[in-house]
Amino acid sequence: IPYEFSLLEEHYEMHETIGRGGFAKVKLATHVLTDEKVAIKIMDKRKLGDDLPRVLTELAAMKILDHQNICRLIQALETENYIFMVLEYCPGGELFDYIVEKDRLSEVESRSFFRQIISAVGYVHNLGYAHRDLKPENLLLDEEQKLKLIDFGLCAKPVGGMDSKLETCCGSPAYAAPELVSGKAYLGSEADIWSMGVLLYALLCGFLPFDDENIGHLYRKILGGHYQQPKWLSDDSKKLIRSMLQVDPKRRISIKELCCHPWVMEGYDTPVLCDTQKDRKFLDEDCVKEMSAFRGVSVNKMREALLQWKFDFDTATYLLLLQRKKRGLPISLFNVVHPWT
Ligand SMILES: O=C(Nc1ccc2c(c1)CCNCC2)c1ccc(-c2cn[nH]c2)cc1OCc1ccccc1
């Protein structure tokens with residue numbers, strides 16, 4: 001075990017490795033003080049190579065993003081050779097596997113998931129970001145079957161704000177918008193709407209609207225914008241998908257129109273709230289009090305430290321205590337007896 005892991009071992013009980021990505025490994029762990037489960041994404045800087053900027057982009061974005069449908073960053077640690085990201089526990093795994101298991105989802109279940117996706121993407125767009133890699137593999141399910149958006153490695157915050165164009169062609173081909181695959185300059189927000197259309201189609205159909213082993217044929221299908229309409233799709237579903245899979249980005253539905261679209265609203269009496277950034281100056285006083293007592297420092301001192309949002313061990317304890325409180329669990333810090341006492 002590299003010595004750097006010992007830094008983690010003081011505060012987290014490490015469990016099995018549950019996933020290996022390209023340059024990252026995901027291990028389950030338990031935060032000792034709160035007994036809350038977390039996932040720890042471990043990246044070996046030596047293997048990252050030119051993927052390092054992507055990781056730093058993701059880290060910077062996740063420190064800012066604070067939304068119930070976005071996988072929360074709980075702590076970030078960097079050592080000589082590793083970057084550790086402590087993340088919200090999502091035991092439901094990927095939405096991709098969930099769809100595959102169920103073959104395809106009902107309109108009711110698809111709508112429930114799609115409303116959460118609109119809320120998360122709307123929030124990201126309101127902050128001036130575009131995700132640029134929306135797909136079922138990047139949506140995880142938590143313990144309450146709520147969706148959590150992950151992988152902000154490709155997200156872009158165009159320098160000139162949301163109306164300025166992006167150049168890099170990235171993301172996964174089957175979900176990529178026509179303007180992206182044709183190498184044109186594009187608006188990240190419009191490309192995200194296209195990907196959401198492909199996502200909604202995948203939820204309702206269980207397969208992709210544009211698919212081909214040959215990448216050239218795939219691009220031609222995307223640029224043509226023609227796809228099958230299975231018989232089980234309702235007229236409203238077809239209309240909504242059509243409004244998102246518009247080849248001309250200017251004719252594509254906007255996130256605002258999506259929030260109150262009839263299909264999205266059916267069975268719900270409220271539009272999707274694309275809430276904006278919460279004010280990070282408000283901390284939960286019960287959690288601050290519990291931590292200050294445990295740490296033997298004044299409440300003011302504890303509050304001041306937490307308001308710096310350093311994503312250190314204190315941020316982690318605070319966020320996990322808050323998570324316990326939201327789940328109706330007691331927010332007592334476990335008086336762990338340290339072996340040396
Ligand atoms: O908590 C996460 N995953 C996770 C946790 C527990 C379990 C499972 C999965 C499914 C496999 N059976 C055991 C139960 C988990 C949290 C965050 C992130 C994450 C956030 N940004 N980047 C990655 C990734 C995560 O995982 C990846 C994964 C591993 C195995 C399969 C499916 C997904």
# chains A, B, ... in the order shown; residues from 1 in each chain; ligands from 1

call {"tool": "residues_around", "arguments": {"residues": "Trp263 (chain A)", "least_positions_apart": "6", "cutoff": "12 Å", "atoms": "only C-alpha atoms", "output": "ChimeraX atom specification"}}
result
/A:107-108,110-112,114-115,200,234-241,243,257,269,271-272

call {"tool": "residues_near_ligand", "arguments": {"ligand": "ligand 1", "cutoff": "10 Å", "atoms": "only C-alpha atoms and all ligand atoms", "output": "PDB file with N, CA and C atoms, in the first residue's frame"}}
result
ATOM      1  N   GLU A  16     -13.626  -2.704  -0.814  1.00  0.00           N
ATOM      2  CA  GLU A  16     -13.231  -3.277  -2.111  1.00  0.00           C
ATOM      3  C   GLU A  16     -13.224  -2.234  -3.240  1.00  0.00           C
ATOM      4  N   THR A  17     -12.456  -2.576  -4.271  1.00  0.00           N
ATOM      5  CA  THR A  17     -12.463  -1.769  -5.501  1.00  0.00           C
ATOM      6  C   THR A  17     -13.696  -2.175  -6.294  1.00  0.00           C
ATOM      7  N   ILE A  18     -14.510  -1.172  -6.690  1.00  0.00           N
ATOM      8  CA  ILE A  18     -15.749  -1.535  -7.396  1.00  0.00           C
ATOM      9  C   ILE A  18     -15.739  -1.130  -8.852  1.00  0.00           C
ATOM     10  N   GLY A  19     -14.754  -0.360  -9.246  1.00  0.00           N
ATOM     11  CA  GLY A  19     -14.777   0.047 -10.655  1.00  0.00           C
ATOM     12  C   GLY A  19     -13.403   0.487 -11.081  1.00  0.00           C
ATOM     13  N   ARG A  20     -13.064   0.177 -12.292  1.00  0.00           N
ATOM     14  CA  ARG A  20     -11.799   0.658 -12.853  1.00  0.00           C
ATOM     15  C   ARG A  20     -12.126   1.422 -14.140  1.00  0.00           C
ATOM     16  N   GLY A  21     -11.850   2.734 -14.117  1.00  0.00           N
ATOM     17  CA  GLY A  21     -12.119   3.487 -15.346  1.00  0.00           C
ATOM     18  C   GLY A  21     -10.843   3.492 -16.169  1.00  0.00           C
ATOM     19  N   ALA A  24      -8.656   5.878 -13.765  1.00  0.00           N
ATOM     20  CA  ALA A  24      -9.055   5.968 -12.349  1.00  0.00           C
ATOM     21  C   ALA A  24      -9.547   4.626 -11.855  1.00  0.00           C
ATOM     22  N   LYS A  25      -9.489   4.488 -10.543  1.00  0.00           N
ATOM     23  CA  LYS A  25     -10.020   3.294  -9.880  1.00  0.00           C
ATOM     24  C   LYS A  25     -10.979   3.816  -8.827  1.00  0.00           C
ATOM     25  N   VAL A  26     -12.095   3.129  -8.612  1.00  0.00           N
ATOM     26  CA  VAL A  26     -13.073   3.572  -7.604  1.00  0.00           C
ATOM     27  C   VAL A  26     -13.159   2.528  -6.500  1.00  0.00           C
ATOM     28  N   LYS A  27     -12.841   2.947  -5.271  1.00  0.00           N
ATOM     29  CA  LYS A  27     -12.915   2.042  -4.121  1.00  0.00           C
ATOM     30  C   LYS A  27     -14.027   2.493  -3.186  1.00  0.00           C
ATOM     31  N   LEU A  28     -14.715   1.529  -2.550  1.00  0.00           N
ATOM     32  CA  LEU A  28     -15.712   1.880  -1.537  1.00  0.00           C
ATOM     33  C   LEU A  28     -14.979   2.138  -0.238  1.00  0.00           C
ATOM     34  N   ALA A  29     -15.524   3.009   0.602  1.00  0.00           N
ATOM     35  CA  ALA A  29     -14.902   3.285   1.902  1.00  0.00           C
ATOM     36  C   ALA A  29     -15.977   3.756   2.867  1.00  0.00           C
ATOM     37  N   LYS A  37     -21.000   5.786   4.189  1.00  0.00           N
ATOM     38  CA  LYS A  37     -20.279   5.177   3.077  1.00  0.00           C
ATOM     39  C   LYS A  37     -19.967   6.226   2.014  1.00  0.00           C
ATOM     40  N   VAL A  38     -18.812   6.070   1.375  1.00  0.00           N
ATOM     41  CA  VAL A  38     -18.417   6.975   0.279  1.00  0.00           C
ATOM     42  C   VAL A  38     -17.760   6.140  -0.820  1.00  0.00           C
ATOM     43  N   ALA A  39     -17.561   6.788  -1.983  1.00  0.00           N
ATOM     44  CA  ALA A  39     -16.770   6.170  -3.047  1.00  0.00           C
ATOM     45  C   ALA A  39     -15.524   7.022  -3.202  1.00  0.00           C
ATOM     46  N   ILE A  40     -14.377   6.386  -3.337  1.00  0.00           N
ATOM     47  CA  ILE A  40     -13.146   7.170  -3.491  1.00  0.00           C
ATOM     48  C   ILE A  40     -12.539   6.874  -4.860  1.00  0.00           C
ATOM     49  N   LYS A  41     -12.459   7.917  -5.669  1.00  0.00           N
ATOM     50  CA  LYS A  41     -11.882   7.805  -7.013  1.00  0.00           C
ATOM     51  C   LYS A  41     -10.382   8.094  -6.871  1.00  0.00           C
ATOM     52  N   ILE A  42      -9.568   7.097  -7.253  1.00  0.00           N
ATOM     53  CA  ILE A  42      -8.126   7.208  -7.058  1.00  0.00           C
ATOM     54  C   ILE A  42      -7.433   7.298  -8.414  1.00  0.00           C
ATOM     55  N   GLU A  58     -12.275  18.588 -13.895  1.00  0.00           N
ATOM     56  CA  GLU A  58     -13.351  17.935 -13.141  1.00  0.00           C
ATOM     57  C   GLU A  58     -13.320  18.367 -11.677  1.00  0.00           C
ATOM     58  N   LEU A  59     -12.135  18.407 -11.094  1.00  0.00           N
ATOM     59  CA  LEU A  59     -11.996  18.785  -9.680  1.00  0.00           C
ATOM     60  C   LEU A  59     -12.526  20.204  -9.472  1.00  0.00           C
ATOM     61  N   MET A  62     -16.320  20.258  -9.796  1.00  0.00           N
ATOM     62  CA  MET A  62     -17.057  19.586  -8.725  1.00  0.00           C
ATOM     63  C   MET A  62     -16.996  20.338  -7.404  1.00  0.00           C
ATOM     64  N   ILE A  70     -26.421  15.880  -8.749  1.00  0.00           N
ATOM     65  CA  ILE A  70     -25.027  15.840  -9.211  1.00  0.00           C
ATOM     66  C   ILE A  70     -24.206  15.178  -8.101  1.00  0.00           C
ATOM     67  N   CYS A  71     -23.396  14.182  -8.479  1.00  0.00           N
ATOM     68  CA  CYS A  71     -22.603  13.446  -7.487  1.00  0.00           C
ATOM     69  C   CYS A  71     -21.676  14.423  -6.776  1.00  0.00           C
ATOM     70  N   ARG A  72     -21.871  14.539  -5.473  1.00  0.00           N
ATOM     71  CA  ARG A  72     -21.175  15.575  -4.710  1.00  0.00           C
ATOM     72  C   ARG A  72     -19.719  15.201  -4.396  1.00  0.00           C
ATOM     73  N   LEU A  73     -18.840  16.172  -4.548  1.00  0.00           N
ATOM     74  CA  LEU A  73     -17.456  15.996  -4.089  1.00  0.00           C
ATOM     75  C   LEU A  73     -17.452  16.238  -2.584  1.00  0.00           C
ATOM     76  N   MET A  85     -10.386  11.607  -4.983  1.00  0.00           N
ATOM     77  CA  MET A  85     -11.650  12.360  -4.905  1.00  0.00           C
ATOM     78  C   MET A  85     -12.638  11.513  -4.113  1.00  0.00           C
ATOM     79  N   VAL A  86     -13.024  12.020  -2.920  1.00  0.00           N
ATOM     80  CA  VAL A  86     -14.025  11.318  -2.112  1.00  0.00           C
ATOM     81  C   VAL A  86     -15.390  11.797  -2.592  1.00  0.00           C
ATOM     82  N   LEU A  87     -16.230  10.835  -3.019  1.00  0.00           N
ATOM     83  CA  LEU A  87     -17.484  11.182  -3.695  1.00  0.00           C
ATOM     84  C   LEU A  87     -18.683  10.524  -3.027  1.00  0.00           C
ATOM     85  N   GLU A  88     -19.854  11.069  -3.348  1.00  0.00           N
ATOM     86  CA  GLU A  88     -21.112  10.548  -2.821  1.00  0.00           C
ATOM     87  C   GLU A  88     -21.273   9.082  -3.236  1.00  0.00           C
ATOM     88  N   TYR A  89     -21.783   8.261  -2.328  1.00  0.00           N
ATOM     89  CA  TYR A  89     -21.959   6.817  -2.533  1.00  0.00           C
ATOM     90  C   TYR A  89     -23.188   6.578  -3.420  1.00  0.00           C
ATOM     91  N   CYS A  90     -23.001   5.866  -4.523  1.00  0.00           N
ATOM     92  CA  CYS A  90     -24.121   5.625  -5.458  1.00  0.00           C
ATOM     93  C   CYS A  90     -24.239   4.126  -5.721  1.00  0.00           C
ATOM     94  N   PRO A  91     -24.816   3.398  -4.748  1.00  0.00           N
ATOM     95  CA  PRO A  91     -24.837   1.931  -4.849  1.00  0.00           C
ATOM     96  C   PRO A  91     -25.735   1.370  -5.947  1.00  0.00           C
ATOM     97  N   GLY A  92     -26.539   2.237  -6.572  1.00  0.00           N
ATOM     98  CA  GLY A  92     -27.417   1.742  -7.639  1.00  0.00           C
ATOM     99  C   GLY A  92     -26.684   1.532  -8.947  1.00  0.00           C
ATOM    100  N   GLY A  93     -25.407   1.975  -8.961  1.00  0.00           N
ATOM    101  CA  GLY A  93     -24.620   1.787 -10.186  1.00  0.00           C
ATOM    102  C   GLY A  93     -25.083   2.695 -11.312  1.00  0.00           C
ATOM    103  N   GLU A  94     -24.737   2.326 -12.544  1.00  0.00           N
ATOM    104  CA  GLU A  94     -25.004   3.197 -13.699  1.00  0.00           C
ATOM    105  C   GLU A  94     -26.427   3.039 -14.219  1.00  0.00           C
ATOM    106  N   LEU A  95     -27.001   4.157 -14.656  1.00  0.00           N
ATOM    107  CA  LEU A  95     -28.339   4.138 -15.276  1.00  0.00           C
ATOM    108  C   LEU A  95     -28.303   3.229 -16.500  1.00  0.00           C
ATOM    109  N   PHE A  96     -27.148   3.198 -17.174  1.00  0.00           N
ATOM    110  CA  PHE A  96     -26.975   2.348 -18.365  1.00  0.00           C
ATOM    111  C   PHE A  96     -27.339   0.902 -18.042  1.00  0.00           C
ATOM    112  N   ASP A  97     -26.753   0.362 -16.946  1.00  0.00           N
ATOM    113  CA  ASP A  97     -27.017  -1.041 -16.573  1.00  0.00           C
ATOM    114  C   ASP A  97     -28.472  -1.226 -16.148  1.00  0.00           C
ATOM    115  N   GLU A 137     -24.139   6.146 -18.945  1.00  0.00           N
ATOM    116  CA  GLU A 137     -22.993   5.674 -18.148  1.00  0.00           C
ATOM    117  C   GLU A 137     -22.557   6.742 -17.147  1.00  0.00           C
ATOM    118  N   ASN A 138     -22.912   7.996 -17.430  1.00  0.00           N
ATOM    119  CA  ASN A 138     -22.509   9.092 -16.539  1.00  0.00           C
ATOM    120  C   ASN A 138     -23.632   9.523 -15.611  1.00  0.00           C
ATOM    121  N   LEU A 139     -24.627   8.638 -15.426  1.00  0.00           N
ATOM    122  CA  LEU A 139     -25.699   8.921 -14.470  1.00  0.00           C
ATOM    123  C   LEU A 139     -25.788   7.721 -13.536  1.00  0.00           C
ATOM    124  N   LEU A 140     -25.487   7.952 -12.252  1.00  0.00           N
ATOM    125  CA  LEU A 140     -25.502   6.868 -11.275  1.00  0.00           C
ATOM    126  C   LEU A 140     -26.756   6.971 -10.412  1.00  0.00           C
ATOM    127  N   LEU A 141     -27.118   5.842  -9.787  1.00  0.00           N
ATOM    128  CA  LEU A 141     -28.286   5.807  -8.903  1.00  0.00           C
ATOM    129  C   LEU A 141     -27.831   5.709  -7.459  1.00  0.00           C
ATOM    130  N   ASP A 142     -28.428   6.552  -6.581  1.00  0.00           N
ATOM    131  CA  ASP A 142     -28.031   6.483  -5.162  1.00  0.00           C
ATOM    132  C   ASP A 142     -28.951   5.508  -4.425  1.00  0.00           C
ATOM    133  N   GLU A 143     -28.885   5.522  -3.098  1.00  0.00           N
ATOM    134  CA  GLU A 143     -29.661   4.548  -2.314  1.00  0.00           C
ATOM    135  C   GLU A 143     -31.156   4.738  -2.479  1.00  0.00           C
ATOM    136  N   LYS A 148     -27.594  10.736 -10.063  1.00  0.00           N
ATOM    137  CA  LYS A 148     -26.451  11.596  -9.745  1.00  0.00           C
ATOM    138  C   LYS A 148     -25.578  11.704 -10.992  1.00  0.00           C
ATOM    139  N   LEU A 149     -25.457  12.902 -11.526  1.00  0.00           N
ATOM    140  CA  LEU A 149     -24.643  13.129 -12.733  1.00  0.00           C
ATOM    141  C   LEU A 149     -23.160  13.118 -12.346  1.00  0.00           C
ATOM    142  N   ILE A 150     -22.357  12.411 -13.125  1.00  0.00           N
ATOM    143  CA  ILE A 150     -20.911  12.361 -12.843  1.00  0.00           C
ATOM    144  C   ILE A 150     -20.107  12.728 -14.090  1.00  0.00           C
ATOM    145  N   ASP A 151     -18.807  12.747 -13.900  1.00  0.00           N
ATOM    146  CA  ASP A 151     -17.814  12.929 -14.967  1.00  0.00           C
ATOM    147  C   ASP A 151     -17.863  14.291 -15.653  1.00  0.00           C
ATOM    148  N   PHE A 152     -17.352  15.261 -14.925  1.00  0.00           N
ATOM    149  CA  PHE A 152     -17.275  16.630 -15.456  1.00  0.00           C
ATOM    150  C   PHE A 152     -15.905  16.907 -16.058  1.00  0.00           C
ATOM    151  N   GLY A 153     -15.255  15.788 -16.475  1.00  0.00           N
ATOM    152  CA  GLY A 153     -13.912  15.935 -17.039  1.00  0.00           C
ATOM    153  C   GLY A 153     -13.914  16.690 -18.365  1.00  0.00           C
TER     154      GLY A 153
END

call {"tool": "atom_distance", "arguments": {"atom1": "CA of Glu109 (chain A)", "atom2": "CA of Gln145 (chain A)"}}
result
11.0 Å

call {"tool": "closest_atom_pairs", "arguments": {"of": "region 128-189 of chain A", "to": "region 209-227 of chain A", "cutoff": "10 Å", "atoms": "only C-alpha atoms", "output": "JSON lines"}}
result
{"residue": "A:Pro173", "atom": "CA", "partner": "A:Tyr219", "partner_atom": "CA", "distance": 7.8}
{"residue": "A:Ala174", "atom": "CA", "partner": "A:Phe210", "partner_atom": "CA", "distance": 6.2}
{"residue": "A:Tyr175", "atom": "CA", "partner": "A:Phe210", "partner_atom": "CA", "distance": 8.3}
{"residue": "A:Ala176", "atom": "CA", "partner": "A:Ile222", "partner_atom": "CA", "distance": 8.1}
{"residue": "A:Ala177", "atom": "CA", "partner": "A:Ile222", "partner_atom": "CA", "distance": 7.2}
{"residue": "A:Pro178", "atom": "CA", "partner": "A:Leu223", "partner_atom": "CA", "distance": 5.0}
{"residue": "A:Glu179", "atom": "CA", "partner": "A:Leu223", "partner_atom": "CA", "distance": 8.1}
{"residue": "A:Leu180", "atom": "CA", "partner": "A:Leu223", "partner_atom": "CA", "distance": 9.8}
{"residue": "A:Val181", "atom": "CA", "partner": "A:Tyr219", "partner_atom": "CA", "distance": 6.6}
{"residue": "A:Ser182", "atom": "CA", "partner": "A:Leu223", "partner_atom": "CA", "distance": 7.9}

call {"tool": "write_last_selection", "arguments": {"atoms": "N, CA and C atoms", "output": "short mmCIF file (atom, residue, chain, number, x, y, z; two decimals), in the first residue's frame"}}
result
data_model
loop_
_atom_site.label_atom_id
_atom_site.label_comp_id
_atom_site.auth_asym_id
_atom_site.auth_seq_id
_atom_site.Cartn_x
_atom_site.Cartn_y
_atom_site.Cartn_z
N PRO A 173 -19.47 9.46 -29.33
CA PRO A 173 -20.05 9.65 -30.66
C PRO A 173 -21.57 9.48 -30.73
N ALA A 174 -22.10 8.39 -30.16
CA ALA A 174 -23.54 8.11 -30.34
C ALA A 174 -24.42 9.20 -29.73
N TYR A 175 -23.84 9.97 -28.78
CA TYR A 175 -24.62 11.02 -28.10
C TYR A 175 -24.25 12.40 -28.61
N ALA A 176 -23.32 12.45 -29.59
CA ALA A 176 -22.78 13.75 -30.03
C ALA A 176 -23.72 14.43 -31.03
N ALA A 177 -23.87 15.74 -30.87
CA ALA A 177 -24.75 16.54 -31.74
C ALA A 177 -24.14 16.68 -33.14
N PRO A 178 -24.99 16.89 -34.17
CA PRO A 178 -24.51 17.02 -35.56
C PRO A 178 -23.44 18.09 -35.71
N GLU A 179 -23.67 19.27 -35.07
CA GLU A 179 -22.72 20.37 -35.22
C GLU A 179 -21.37 20.01 -34.61
N LEU A 180 -21.40 19.10 -33.63
CA LEU A 180 -20.16 18.68 -32.97
C LEU A 180 -19.41 17.71 -33.89
N VAL A 181 -20.15 16.74 -34.46
CA VAL A 181 -19.46 15.74 -35.31
C VAL A 181 -19.03 16.36 -36.63
N SER A 182 -19.66 17.48 -37.03
CA SER A 182 -19.23 18.09 -38.31
C SER A 182 -18.14 19.12 -38.04
#

call {"tool": "closest_residue", "arguments": {"among": "A:Ser292, A:Asn126, A:Ser189, A:Gln308", "to": "Lys165 (chain A)", "atoms": "only C-alpha atoms"}}
result
A:Ser189
